[in-house]
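Next comes run07.tsv, a file with TSV, C-alpha atoms and all ligand atoms.
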```tsv
chain	number	residue	atom	x	y	z
K	1	MET	CA	-7.17	10.68	21.88
K	2	GLU	CA	-8.17	13.61	24.08
K	3	SER	CA	-5.02	15.72	24.17
K	4	LYS	CA	-2.38	16.93	21.81
K	5	LEU	CA	0.16	14.36	20.70
K	6	ARG	CA	2.99	14.43	23.26
K	7	PRO	CA	5.12	11.95	25.26
K	8	VAL	CA	2.25	11.81	27.77
K	9	THR	CA	-0.98	11.67	25.78
K	10	THR	CA	-4.54	11.46	27.11
K	11	ILE	CA	-6.64	8.57	25.78
K	12	ASN	CA	-10.21	7.98	27.01
K	13	GLY	CA	-9.66	10.21	30.04
K	14	LYS	CA	-6.35	8.73	31.17
K	15	ASP	CA	-2.75	9.88	30.66
K	16	TYR	CA	-0.39	7.40	29.03
K	17	LEU	CA	3.28	7.39	28.17
K	18	TYR	CA	2.65	7.32	24.44
K	19	PHE	CA	4.76	5.20	22.05
K	20	ALA	CA	2.53	5.03	18.97
K	21	GLY	CA	1.48	6.83	15.79
K	22	THR	CA	3.84	8.50	13.35
K	23	GLY	CA	4.64	11.87	14.92
K	24	TYR	CA	8.38	11.26	14.97
K	25	PHE	CA	9.19	14.79	16.24
K	26	GLN	CA	5.73	15.44	17.73
K	27	LEU	CA	5.62	18.72	15.79
K	28	GLN	CA	1.85	18.23	15.58
K	29	SER	CA	1.74	19.90	19.04
K	30	HIS	CA	4.54	22.45	18.57
K	31	SER	CA	3.34	25.94	19.46
K	32	ASP	CA	5.03	27.46	16.37
K	33	LEU	CA	3.03	25.18	14.04
K	34	ILE	CA	-0.19	25.93	15.88
K	35	ASP	CA	0.48	29.69	15.68
K	36	ALA	CA	1.34	29.41	11.98
K	37	ALA	CA	-1.91	27.50	11.34
K	38	VAL	CA	-3.99	30.12	13.17
K	39	ASP	CA	-2.24	33.02	11.38
K	40	ALA	CA	-2.86	31.35	8.01
K	41	ILE	CA	-6.57	30.85	8.72
K	42	ARG	CA	-6.93	34.46	9.86
K	43	LYS	CA	-5.41	35.67	6.61
K	44	TYR	CA	-6.83	33.20	4.06
K	45	GLY	CA	-9.87	31.65	5.80
K	46	ILE	CA	-10.35	27.93	6.29
K	47	GLY	CA	-10.10	27.08	2.62
K	48	SER	CA	-10.51	28.52	-0.86
K	49	ALA	CA	-13.71	26.65	-1.85
K	50	THR	CA	-12.25	26.01	-5.27
K	51	SER	CA	-9.62	23.71	-6.67
K	52	ARG	CA	-5.97	24.44	-7.28
K	53	THR	CA	-6.24	24.45	-11.06
K	54	ILE	CA	-9.20	26.86	-11.09
K	55	ASN	CA	-8.15	29.71	-8.78
K	56	GLY	CA	-7.53	28.13	-5.36
K	57	THR	CA	-3.75	28.51	-5.27
K	58	THR	CA	-2.81	30.98	-2.52
K	59	PRO	CA	0.61	32.67	-2.16
K	60	LEU	CA	1.08	30.50	0.94
K	61	ILE	CA	0.69	27.29	-1.11
K	62	ILE	CA	3.28	28.54	-3.61
K	63	LYS	CA	5.61	29.34	-0.71
K	64	LEU	CA	5.10	25.85	0.68
K	65	GLU	CA	5.81	24.20	-2.66
K	66	ASN	CA	9.02	26.21	-2.94
K	67	LYS	CA	9.96	25.19	0.59
K	68	ILE	CA	9.32	21.50	-0.21
K	69	SER	CA	11.48	21.60	-3.34
K	70	GLU	CA	14.21	23.43	-1.39
K	71	PHE	CA	14.13	20.73	1.33
K	72	PHE	CA	14.23	17.86	-1.16
K	73	GLN	CA	16.58	19.66	-3.57
K	74	THR	CA	14.30	19.17	-6.55
K	75	GLU	CA	13.31	21.60	-9.30
K	76	ASP	CA	9.72	21.87	-8.11
K	77	ALA	CA	7.06	20.32	-5.87
K	78	ALA	CA	3.29	19.91	-5.75
K	79	TYR	CA	1.28	20.10	-2.52
K	80	LEU	CA	-1.82	17.86	-2.34
K	81	PRO	CA	-4.66	17.39	0.16
K	82	SER	CA	-3.26	14.10	1.46
K	83	GLY	CA	-0.45	11.60	1.12
K	84	TYR	CA	-3.09	9.08	0.08
K	85	LEU	CA	-3.77	11.18	-3.01
K	86	SER	CA	-0.07	11.77	-3.77
K	87	ASN	CA	0.19	8.24	-5.09
K	88	MET	CA	-2.81	8.60	-7.37
K	89	ALA	CA	-1.63	11.98	-8.68
K	90	GLY	CA	1.92	10.68	-9.19
K	91	PHE	CA	0.95	7.55	-11.12
K	92	GLN	CA	-1.47	9.55	-13.28
K	93	ALA	CA	1.14	12.17	-14.18
K	94	LEU	CA	3.76	9.53	-15.02
K	95	ASP	CA	1.16	7.84	-17.22
K	96	THR	CA	0.36	11.14	-18.97
K	97	LEU	CA	4.07	11.49	-19.69
K	98	GLY	CA	4.10	7.99	-21.22
K	99	LEU	CA	6.86	6.80	-18.90
K	100	TYR	CA	5.51	3.30	-18.19
K	101	ASP	CA	3.15	0.59	-19.43
K	102	VAL	CA	2.87	-1.95	-16.57
K	103	ILE	CA	3.09	-1.34	-12.79
K	104	PHE	CA	5.06	-3.83	-10.66
K	105	ILE	CA	4.35	-3.16	-6.99
K	106	ASP	CA	5.68	-4.67	-3.75
K	107	GLU	CA	2.84	-6.79	-2.35
K	108	SER	CA	3.07	-5.12	1.09
K	109	SER	CA	2.86	-1.57	-0.23
K	110	HIS	CA	0.55	0.84	1.53
K	111	TYR	CA	-3.16	0.89	0.65
K	112	SER	CA	-2.76	4.26	-1.05
K	113	ASN	CA	0.13	3.06	-3.21
K	114	VAL	CA	-1.90	0.03	-4.36
K	115	SER	CA	-5.09	2.11	-4.87
K	116	GLY	CA	-3.14	4.69	-6.86
K	117	ALA	CA	-1.69	1.95	-9.08
K	118	PHE	CA	-5.06	0.32	-9.79
K	119	ALA	CA	-6.72	3.71	-10.40
K	120	THR	CA	-4.57	4.16	-13.50
K	121	GLY	CA	-6.39	1.31	-15.25
K	122	LYS	CA	-2.99	-0.07	-16.28
K	123	LYS	CA	-1.96	-3.66	-15.68
K	124	VAL	CA	-0.74	-4.03	-12.07
K	125	VAL	CA	1.45	-6.98	-11.01
K	126	LYS	CA	2.43	-7.58	-7.37
K	127	PHE	CA	5.88	-8.94	-6.54
K	128	ARG	CA	7.01	-10.59	-3.31
K	129	HIS	CA	7.84	-8.23	-0.49
K	130	LEU	CA	11.35	-6.70	-0.93
K	131	ASP	CA	12.26	-9.47	-3.39
K	132	VAL	CA	14.27	-8.26	-6.42
K	133	HIS	CA	14.53	-11.78	-7.82
K	134	ASP	CA	10.73	-12.16	-7.84
K	135	LEU	CA	10.40	-8.68	-9.37
K	136	GLN	CA	12.65	-9.76	-12.24
K	137	GLU	CA	10.69	-12.97	-12.71
K	138	LYS	CA	7.39	-11.07	-12.77
K	139	ILE	CA	8.77	-8.61	-15.30
K	140	LYS	CA	9.88	-11.46	-17.56
K	141	MET	CA	6.39	-12.98	-17.29
K	142	HIS	CA	4.24	-9.87	-17.68
K	143	LEU	CA	6.13	-7.19	-19.62
K	144	ASN	CA	5.92	-7.47	-23.39
K	145	LYS	CA	8.91	-6.56	-25.52
K	146	GLY	CA	9.36	-2.81	-25.92
K	147	LYS	CA	7.06	-1.99	-22.99
K	148	LYS	CA	8.27	-0.12	-19.89
K	149	PRO	CA	7.82	-1.02	-16.18
K	150	LEU	CA	7.04	1.25	-13.26
K	151	ILE	CA	8.44	-0.36	-10.09
K	152	ALA	CA	6.55	0.84	-6.99
K	153	SER	CA	7.09	0.40	-3.27
K	154	ASP	CA	6.92	2.19	0.06
K	155	GLY	CA	10.18	3.97	0.89
K	156	LEU	CA	10.00	2.79	4.50
K	157	PHE	CA	7.42	0.17	5.40
K	158	PRO	CA	5.39	1.44	8.35
K	159	ILE	CA	4.92	-1.80	10.26
K	160	TRP	CA	8.33	-3.50	10.26
K	161	ALA	CA	10.37	-0.41	9.29
K	162	GLU	CA	11.96	-2.20	6.35
K	163	ILE	CA	13.85	-0.22	3.71
K	164	PRO	CA	13.43	-1.59	0.17
K	165	PRO	CA	16.46	-2.33	-2.06
K	166	VAL	CA	15.99	0.78	-4.21
K	167	PRO	CA	19.42	0.65	-5.95
K	168	GLU	CA	18.48	-2.83	-7.23
K	169	TYR	CA	15.06	-1.61	-8.35
K	170	LEU	CA	16.73	1.23	-10.22
K	171	LYS	CA	19.08	-1.20	-12.01
K	172	VAL	CA	16.08	-3.30	-13.10
K	173	ALA	CA	14.22	-0.15	-14.22
K	174	GLU	CA	17.24	0.97	-16.27
K	175	ARG	CA	17.46	-2.41	-17.98
K	176	TYR	CA	13.88	-2.06	-19.28
K	177	ASP	CA	13.87	1.72	-19.79
K	178	GLY	CA	11.41	2.01	-16.88
K	179	ILE	CA	11.02	4.10	-13.74
K	180	VAL	CA	10.73	3.75	-9.94
K	181	TRP	CA	8.03	5.23	-7.69
K	182	MET	CA	8.46	5.47	-3.91
K	183	ASP	CA	5.69	6.33	-1.48
K	184	ASP	CA	8.07	7.77	1.11
K	185	ALA	CA	5.44	8.81	3.67
K	186	HIS	CA	7.45	7.35	6.57
K	187	GLY	CA	10.93	7.88	5.17
K	188	VAL	CA	10.81	11.64	4.73
K	189	GLY	CA	12.18	13.57	7.69
K	190	ILE	CA	13.82	10.53	9.23
K	191	LEU	CA	15.80	8.54	6.62
K	192	GLY	CA	19.15	9.57	5.17
K	193	GLU	CA	21.81	12.01	6.22
K	194	ASN	CA	19.56	15.02	5.73
K	195	GLY	CA	16.22	13.39	6.41
K	196	ARG	CA	15.27	13.59	2.74
K	197	GLY	CA	14.01	10.02	2.73
K	198	VAL	CA	14.93	6.76	1.09
K	199	TYR	CA	16.79	8.26	-1.90
K	200	ASP	CA	18.90	10.27	0.55
K	201	PHE	CA	19.50	7.09	2.58
K	202	TYR	CA	21.01	5.43	-0.51
K	203	GLN	CA	22.42	8.72	-1.87
K	204	LEU	CA	20.70	7.96	-5.16
K	205	LYS	CA	20.05	10.44	-7.93
K	206	SER	CA	18.46	9.54	-11.26
K	207	ASP	CA	15.91	10.88	-13.72
K	208	ARG	CA	14.16	7.53	-13.31
K	209	LEU	CA	13.39	8.03	-9.60
K	210	PHE	CA	10.06	9.58	-8.55
K	211	MET	CA	8.49	10.03	-5.13
K	212	GLY	CA	5.45	11.18	-3.22
K	213	ALA	CA	4.99	11.51	0.54
K	214	THR	CA	3.08	13.20	3.34
K	215	LEU	CA	3.51	16.18	5.64
K	216	SER	CA	1.34	14.56	8.33
K	217	LYS	CA	4.03	12.50	10.03
K	218	ALA	CA	7.60	13.79	10.59
K	219	PHE	CA	6.72	17.32	9.50
K	220	GLY	CA	3.86	17.68	11.97
K	221	ALA	CA	1.20	19.11	9.64
K	222	TYR	CA	-1.12	17.58	7.07
K	223	GLY	CA	-1.31	17.03	3.33
K	224	GLY	CA	0.67	15.19	0.70
K	225	PHE	CA	3.33	16.26	-1.74
K	226	ILE	CA	5.31	15.21	-4.75
K	227	ALA	CA	8.82	16.59	-5.29
K	228	GLY	CA	10.58	16.20	-8.61
K	229	ASN	CA	11.68	17.72	-11.88
K	230	ALA	CA	9.78	20.69	-13.29
K	231	SER	CA	8.23	18.94	-16.31
K	232	PHE	CA	6.80	16.13	-14.13
K	233	ILE	CA	5.47	18.49	-11.46
K	234	LYS	CA	3.83	20.63	-14.13
K	235	VAL	CA	1.80	17.58	-15.22
K	236	VAL	CA	0.92	16.72	-11.59
K	237	LYS	CA	-0.30	20.30	-11.07
K	238	SER	CA	-2.63	20.14	-14.06
K	239	GLY	CA	-3.85	16.58	-13.40
K	240	ASN	CA	-7.23	15.25	-12.25
K	241	VAL	CA	-6.42	15.26	-8.53
K	242	MET	CA	-5.47	18.93	-8.52
K	243	THR	CA	-8.44	19.77	-10.70
K	244	GLY	CA	-11.01	17.66	-8.90
K	245	THR	CA	-10.40	18.39	-5.23
K	246	SER	CA	-10.66	21.61	-3.21
K	247	SER	CA	-7.32	23.23	-2.46
K	248	PRO	CA	-6.02	22.21	0.97
K	249	SER	CA	-6.91	24.06	4.18
K	250	SER	CA	-4.85	27.20	4.78
K	251	ALA	CA	-4.21	26.09	8.38
K	252	MET	CA	-2.34	23.03	7.18
K	253	VAL	CA	-0.35	24.99	4.61
K	254	GLY	CA	0.81	27.42	7.31
K	255	ALA	CA	1.67	24.60	9.71
K	256	ALA	CA	3.52	22.60	7.04
K	257	LEU	CA	5.71	25.56	6.14
K	258	ARG	CA	6.77	25.92	9.76
K	259	GLY	CA	7.20	22.14	10.25
K	260	LEU	CA	9.55	21.90	7.28
K	261	GLU	CA	11.57	24.86	8.52
K	262	ILE	CA	11.92	23.35	11.99
K	263	VAL	CA	13.08	19.97	10.67
K	264	LYS	CA	15.51	21.63	8.24
K	265	ASN	CA	17.04	24.03	10.77
K	266	ASN	CA	17.22	21.75	13.81
K	267	SER	CA	19.39	18.75	13.03
K	268	GLU	CA	19.46	17.94	16.75
K	269	LEU	CA	15.85	16.70	16.43
K	270	LEU	CA	16.91	13.91	14.09
K	271	LYS	CA	19.92	13.15	16.26
K	272	ARG	CA	17.74	12.88	19.37
K	273	LEU	CA	15.26	10.64	17.54
K	274	ARG	CA	18.03	8.31	16.38
K	275	ASP	CA	19.66	8.29	19.85
K	276	ASN	CA	16.32	7.33	21.38
K	277	ALA	CA	15.80	4.56	18.84
K	278	ARG	CA	19.28	3.14	19.39
K	279	TYR	CA	18.83	3.39	23.16
K	280	LEU	CA	15.53	1.48	23.13
K	281	LYS	CA	16.86	-1.19	20.78
K	282	ALA	CA	20.04	-1.70	22.84
K	283	LYS	CA	18.01	-2.06	26.03
K	284	LEU	CA	15.62	-4.55	24.46
K	285	LYS	CA	18.53	-6.53	23.03
K	286	ASN	CA	20.17	-6.66	26.47
K	287	ALA	CA	16.91	-8.02	27.82
K	288	GLY	CA	17.00	-10.82	25.23
K	289	VAL	CA	14.43	-9.36	22.82
K	290	THR	CA	15.28	-9.71	19.10
K	291	VAL	CA	15.24	-6.28	17.42
K	292	ASP	CA	16.84	-4.77	14.33
K	293	ASP	CA	20.07	-2.98	15.07
K	294	ASN	CA	19.43	0.43	13.50
K	295	TYR	CA	18.38	4.02	14.16
K	296	LEU	CA	14.81	3.70	12.94
K	297	PRO	CA	12.19	4.84	15.48
K	298	ILE	CA	9.80	1.91	14.97
K	299	VAL	CA	10.11	-1.29	17.00
K	300	THR	CA	7.63	-4.03	16.14
K	301	PHE	CA	7.18	-7.56	17.31
K	302	ALA	CA	4.65	-10.33	17.03
K	303	THR	CA	4.27	-12.82	19.82
K	304	GLY	CA	1.65	-15.54	19.94
K	305	ASN	CA	-1.80	-14.68	18.63
K	306	SER	CA	-3.99	-11.56	18.55
K	307	ASP	CA	-5.46	-12.28	21.99
K	308	LYS	CA	-2.04	-12.55	23.60
K	309	MET	CA	-0.83	-9.34	21.97
K	310	GLN	CA	-3.98	-7.44	22.87
K	311	ASN	CA	-3.52	-8.66	26.43
K	312	ILE	CA	0.05	-7.33	26.52
K	313	GLN	CA	-1.22	-4.00	25.23
K	314	ARG	CA	-3.93	-3.93	27.92
K	315	LEU	CA	-1.51	-4.82	30.73
K	316	LEU	CA	0.85	-2.06	29.60
K	317	MET	CA	-2.05	0.37	29.64
K	318	GLU	CA	-2.68	-0.61	33.26
K	319	GLU	CA	0.94	0.47	33.92
K	320	GLY	CA	0.24	3.79	32.15
K	321	ILE	CA	1.94	2.97	28.83
K	322	TYR	CA	0.31	3.01	25.41
K	323	ILE	CA	1.82	1.02	22.54
K	324	GLN	CA	-0.06	-0.01	19.41
K	325	PHE	CA	-1.67	-3.33	18.76
K	326	VAL	CA	-2.34	-2.97	15.06
K	327	LYS	CA	-3.69	-4.89	12.09
K	328	TYR	CA	-2.51	-3.07	9.00
K	329	VAL	CA	-1.04	-3.83	5.61
K	330	GLY	CA	2.14	-5.83	6.30
K	331	SER	CA	1.17	-6.93	9.81
K	332	GLY	CA	-0.32	-10.32	8.94
K	333	ALA	CA	-3.78	-11.46	10.07
K	334	ASP	CA	-2.92	-11.65	13.78
K	335	GLY	CA	-1.61	-8.12	13.94
K	336	VAL	CA	1.54	-6.89	15.71
K	337	LEU	CA	2.66	-4.84	18.66
K	338	ARG	CA	4.32	-1.67	17.47
K	339	MET	CA	6.24	0.94	19.46
K	340	VAL	CA	7.13	4.31	18.02
K	341	LEU	CA	9.66	6.70	19.46
K	342	SER	CA	9.81	10.43	19.10
K	343	SER	CA	12.66	12.86	19.59
K	344	GLU	CA	10.73	14.16	22.61
K	345	HIS	CA	10.83	11.00	24.75
K	346	THR	CA	13.29	11.00	27.64
K	347	LYS	CA	15.62	8.10	28.49
K	348	GLU	CA	13.69	7.62	31.75
K	349	GLU	CA	10.46	7.18	29.80
K	350	ILE	CA	12.13	4.60	27.57
K	351	ASP	CA	13.57	2.81	30.64
K	352	PHE	CA	10.07	2.56	32.10
K	353	LEU	CA	8.70	1.15	28.82
K	354	VAL	CA	11.39	-1.54	28.66
K	355	ALA	CA	11.07	-2.50	32.36
K	356	SER	CA	7.30	-2.88	31.99
K	357	LEU	CA	7.43	-4.68	28.65
K	358	ILE	CA	9.98	-7.36	29.51
K	359	LYS	CA	7.85	-8.50	32.44
K	360	LEU	CA	5.10	-9.36	29.94
K	361	ILE	CA	6.82	-11.09	27.02
C	401	LIG	C1	3.05	4.48	3.56
C	401	LIG	C2	1.95	5.48	3.65
C	401	LIG	N1	1.58	6.15	2.53
C	401	LIG	C3	0.60	7.06	2.55
C	401	LIG	C4	-0.09	7.36	3.70
C	401	LIG	C5	-1.19	8.35	3.63
C	401	LIG	O1	-0.75	9.62	4.00
C	401	LIG	P1	-1.82	10.71	4.49
C	401	LIG	O2	-2.12	10.37	5.91
C	401	LIG	O3	-1.14	12.03	4.32
C	401	LIG	O4	-3.02	10.55	3.62
C	401	LIG	C6	0.25	6.67	4.89
C	401	LIG	C7	-0.43	6.88	6.17
C	401	LIG	O5	-1.06	7.54	6.68
C	401	LIG	C8	1.29	5.73	4.86
C	401	LIG	O6	1.63	5.06	5.96
```
Turn the structure described in the file into structure tokens.
Amino acid sequence: MESKLRPVTTINGKDYLYFAGTGYFQLQSHSDLIDAAVDAIRKYGIGSATSRTINGTTPLIIKLENKISEFFQTEDAAYLPSGYLSNMAGFQALDTLGLYDVIFIDESSHYSNVSGAFATGKKVVKFRHLDVHDLQEKIKMHLNKGKKPLIASDGLFPIWAEIPPVPEYLKVAERYDGIVWMDDAHGVGILGENGRGVYDFYQLKSDRLFMGATLSKAFGAYGGFIAGNASFIKVVKSGNVMTGTSSPSSAMVGAALRGLEIVKNNSELLKRLRDNARYLKAKLKNAGVTVDDNYLPIVTFATGNSDKMQNIQRLLMEEGIYIQFVKYVGSGADGVLRMVLSSEHTKEEIDFLVASLIKLI
């Protein structure tokens, strides 16, 4: 990638209409975020060269954590160097609080969710993708009497854009005095009435629900976070991840603050993103392509084998369009073709994508 992320992105010297990645509002290239990043570096330098728990917490980080908790309407929030680490820090803190004994995790959960679970040293049991019945069976098999489960999943699965049945997970957790953990890296900013993610989508509130996510996708910056009640966040902030890693780069803190503000104050961004998603899906459906009927900005399909899909990707590139051919957790061994919309694409750009794609599939 040789340009900023934008509807027309330069890859290996050539401009492509770009339908890939996770920059749902393409804030990664927004001039306000870039200015905020530069201002932050000028004031605080690149980084603190110490960890958060020692003395690396800047006023800007505190401001960002307040902004995150304001956005997600939680008591507090913790900012971390990456979304990958949010899972590890979250599981560790919940363990410190003694809130679970065994982790039950959706088998297609993101690498970081699975790594975070195993890093606890607790027993980890995988259940079938999105399958509440299998979850209950696995709990019956692996949870001893009086022990508590942690049920973990992605909030929005990045490949097929599936939303897990969180209300059902919560009911199961309540039955066994357990808790639920969502890695909502893809859900935040785009799911729910206010873009607060999967809990907002279901309008769920409970002391048993916990979440971590990233600022590197919808919010246009970088770094992970955990939003939640004050006693939980206090433990996250004093945990091993915060202690053992340098505090995040000032540039990203500045950019994240601005990204959150822009998403919060500009509801038309989310509306445009959803309009674009519905528009693409309706056009594909009219052309006889099977797609989910929803507002989510990810459209994925698998056709034939890897070679065929890679060929489709290559032929689209010859037409000046870039979509992803990707092998990732949840894609299966052959991989998938994945298209991602942003609020910044025009209808004409989407028309061109559909016209080119349907000639090839
Ligand atoms: C579901 C999910 N969780 C976590 C991450 C990691 O977030 P970060 O890029 O901030 O490390 C990603 C992807 O990048 C993701 O797709």
### Message
Around ligand LIG 401 (chain C), which protein and nucleic acid residues have at least one atom no more than 6 Å from it, if we count all atoms listed in the file? List them as a ChimeraX atom specification.
### Response
/K:82-84,110,112,154,158,183,185,214,216,223-224
### Task
Could you jot down the CA of Lys217 (chain K) to CA of Gly23 (chain K) separation for me, Å, one decimal place?
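It comes out at 5.0 Å.
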### Message
Considering all atoms listed in the file, can you say which of K:Phe19, K:Gly244, K:Lys347, K:Ser306 comes closest to Ser331 (chain K)?
### Response
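Under the stated criterion, the closest residue is K:Ser306.
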### Message
I'd like the contact shell of region 130-136 of chain K - 8 Å cut-off, all atoms listed in the file, skipping same-chain residues fewer than 2 positions apart - returned as a ChimeraX atom specification.
### Response
/K:104,106,127-128,138-140,164-165,168-169,172
### Task
Would you kindly identify which residues have an atom no farther than 6 Å from (-8.0, 28.3, 1.1), using only C-alpha atoms and the file's own coordinates, and write them out as a VMD selection string?
chain K and resid 44 46 to 48 249 to 250
### Query
Any idea what's packed within 7 Å of Ala221 (chain K), counting all atoms listed in the file, ignoring anything in its chain fewer than 6 positions away? Could you give it as a list in words?
Gln28, Leu215, Met252, Ala255, Ala256 and Gly259 of chain K
### Query
What does the distance from CA of Leu99 (chain K) to CA of Pro149 (chain K) come to in Å, to one decimal?
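Between these atoms lies a distance of 8.3 Å.
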### Query
To one decimal place, how far is CA of Val102 (chain K) from CA of Gly116 (chain K) in Å?
13.2 Å
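Among the candidates K:Gly155, K:Gly192, K:Gly304, K:Gly288, the one nearest to Ser108 (chain K) when counting only C-alpha atoms is K:Gly155.
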### Message
Set the distance at 9 Å and use all atoms listed in the file: which residues neighbour region 225-238 of chain K once local chain neighbours fewer than 6 positions away are removed? I'd like the list as a PyMOL selection string.
### Response
chain K and resi 52-53+65+68-69+72-83+85-87+89-90+92-94+96-97+207+209-215
#### Entry: Residue nearest Ala218 (chain K) among K:Gly21, K:Gly332, K:Pro167, K:Gly178 (counting all atoms listed in the file)
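For Ala218 (chain K), the nearest of the candidates is K:Gly21.
With distances taken over all atoms listed in the file, K:Leu360 is the one residue among K:Lys283, K:Ala173, K:Leu360, K:Trp181 lying closest to Met309 (chain K).
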### Message
Residues within 6 Å of (4.7, 28.1, 3.1), file coordinates, counting all atoms listed in the file: what are they? Give the list as a list in words.
### Response
Leu60, Ile61, Lys63, Leu64, Gly254 and Leu257 of chain K
